[in-house]
Amino acid sequence: MKIAIVGTGAMGSVYAALLAEAGHDVVAVDPWAEHVAAINREGLRLSGASGDRRVMGIRATTDPAETKGAELFVIATKASAVGDAASAIEPHAGNGLVLTIQNGLGAAERIAAHINTANVLLGVADGFGASMKGPGHAHHNAMKLIRLGEIAGGMSARMECLAETWREAGFNVRAFEDIHQLIWEKFICNVTFSAPCAVFDRTLGELMANPGLWAVALGCMREAHAAGLAEGIDFTFDDPVAYVTAFGQTMPDARPSLALDHKAGRLSEIDAINGMVPVVAERHGLTAPFNQTLTAVISAREADFGKAGE
């Protein structure tokens, strides 16, 4: 199968490497020219939970036109770039399936502005802990689970077939009838830790160990949980505090990707994570002051990125 990975940062690189190792014809599309050149020159190095090796045979490019003819398009960009990615592949997608895997909310809506969503599926990736070590080198700490679902809900033959393709490449994958429930359950965890860890410069464990900071994080979580309930999300848990606490306890030394980006001076996905809580809350006459405040802090800091030399 010809597979186009659109956005080969840390997670996209993991997808590209394992799918290529499984024998698929993988095209990796990314704007980072140095990364693209490194992959084409010496292969894609993947280290971490699945071993340390170089995967050869991946065609890397900055040109979305080279995805033409792909049967599967995997959009693995940051949430803020999903719309641009969908627009770039739209002329070349044909009848190919599009799978979008991002943090936060709103990916389906961003894609729908550019592509008919009849062939679009949603994915949620958990427990990878992936990061870029340099051009052509991605690292991941684990490979917990990828969840797949149809936008409109329900099970389908194409979704089961897609899940099996990923399983054969070494991923733990499950198809679900209600992917929006799972997106929201991951979203609750992201909201709890992303902005608080970034603003207070703490790991998950350090955040949870500080009563005052943890109270702020739980304030963010409760606002998101209330917004989800108002949206009609059927959460699988009754105690959201216990749910996010258990999540944090599994990786106390980790920092969320949003916090890593923010600390490194890169623009983060704040608008799709904590920044989405006030947006959804307002639709239902609710407020989200914790998330609104932390989003404003991070946005103000990031507005100054790159100005140090001015």
# chains A, B, ... in the order shown; residues from 1 in each chain; ligands from 1

$ closest_atom_pairs --of "stretch 178-293 of chain A" --to "stretch 129-153 of chain A" --cutoff "8 Å" --atoms "only C-alpha atoms" --output "CSV"
residue,atom,partner,partner_atom,distance
A:Asp178,CA,A:Gly153,CA,5.3
A:Ile179,CA,A:Gly149,CA,4.9
A:His180,CA,A:Ile151,CA,7.9
A:Leu182,CA,A:Arg147,CA,7.9
A:Ala254,CA,A:Gly129,CA,7.9

$ residues_around --residues "A:Ser257" --least-positions-apart "2" --cutoff "12 Å" --atoms "only C-alpha atoms" --output "number ranges by chain"
A: 9-11, 78, 102-104, 127-132, 190-191, 193-195, 197-198, 203-204, 254-255, 259-264, 266-270, 273

$ closest_residue --among "A:Phe290, A:Ala175, A:Val26, A:Phe187" --to "A:Ala157" --atoms "only C-alpha atoms"
A:Ala175

$ closest_residue --among "A:Ala242, A:Ile298, A:Ala33, A:Ala4" --to "A:Lys68" --atoms "only C-alpha atoms"
A:Ala4

$ closest_residue --among "A:Gly285, A:Gly275, A:Pro64, A:Gly48" --to "A:Gly106" --atoms "only C-alpha atoms"
A:Gly275

$ select_by_dssp --residues "stretch 61-196 of chain A" --states "strand (DSSP E)" --output "ChimeraX atom specification"
/A:61,72-75,97-101,120-126,130-134,137-140,145-150,173-175

$ closest_residue --among "A:Glu206, A:Gly212, A:Glu185, A:Arg53" --to "A:Pro240" --atoms "only C-alpha atoms"
A:Glu185

$ select_by_dssp --residues "stretch 9-112 of chain A" --states "alpha helix (DSSP H)" --output "PyMOL selection string"
chain A and resi 10-21+33-42+82-93+107-112

$ closest_residue --among "A:Ala209, A:Leu162, A:Ala281, A:Ala70" --to "A:Glu231" --atoms "only C-alpha atoms"
A:Ala281

$ closest_residue --among "A:Asp271, A:Met155, A:Arg222, A:Val241" --to "A:Ala296" --atoms "only C-alpha atoms"
A:Asp271

$ atom_distance --atom1 "atom CA of A:Ala38" --atom2 "atom CA of A:Val98"
26.3 Å

$ residues_around --residues "A:Asn116" --least-positions-apart "3" --cutoff "12 Å" --atoms "only C-alpha atoms" --output "list in words"
Ala86, Ser87, Glu90, Pro91, Ala93, Gly94, Asn95, Gly96, Leu97, Val98, Ala108, Glu109, Arg110, Ile111, Ala112, Ala113, Asn119, Val120, Leu121 and Ile151 of chain A

$ write_last_selection --atoms "C-alpha atoms" --output "mmCIF file, in the first residue's frame"
data_model
loop_
_atom_site.group_PDB
_atom_site.id
_atom_site.type_symbol
_atom_site.label_atom_id
_atom_site.label_comp_id
_atom_site.auth_asym_id
_atom_site.auth_seq_id
_atom_site.Cartn_x
_atom_site.Cartn_y
_atom_site.Cartn_z
ATOM 1 C CA ALA A 86 -5.732 18.947 4.370
ATOM 2 C CA SER A 87 -5.675 21.755 1.823
ATOM 3 C CA GLU A 90 -6.861 17.675 -1.319
ATOM 4 C CA PRO A 91 -5.850 17.824 -5.022
ATOM 5 C CA ALA A 93 -6.187 12.498 -2.287
ATOM 6 C CA GLY A 94 -8.619 11.032 -4.826
ATOM 7 C CA ASN A 95 -10.515 8.190 -3.142
ATOM 8 C CA GLY A 96 -7.787 7.548 -0.583
ATOM 9 C CA LEU A 97 -8.606 7.262 3.100
ATOM 10 C CA VAL A 98 -7.485 10.117 5.327
ATOM 11 C CA ALA A 108 -12.296 16.956 11.975
ATOM 12 C CA GLU A 109 -13.699 20.465 11.637
ATOM 13 C CA ARG A 110 -10.393 21.821 10.320
ATOM 14 C CA ILE A 111 -10.210 19.045 7.717
ATOM 15 C CA ALA A 112 -13.852 19.473 6.716
ATOM 16 C CA ALA A 113 -13.082 23.013 5.557
ATOM 17 C CA ASN A 119 -13.292 9.233 3.620
ATOM 18 C CA VAL A 120 -11.859 10.738 6.816
ATOM 19 C CA LEU A 121 -11.266 8.698 9.974
ATOM 20 C CA ILE A 151 -16.368 10.485 12.361
#

$ atom_distance --atom1 "atom CA of A:Phe73" --atom2 "atom CA of A:Thr100"
8.2 Å

$ atom_distance --atom1 "atom CA of A:Arg202" --atom2 "atom CA of A:Leu218"
14.9 Å
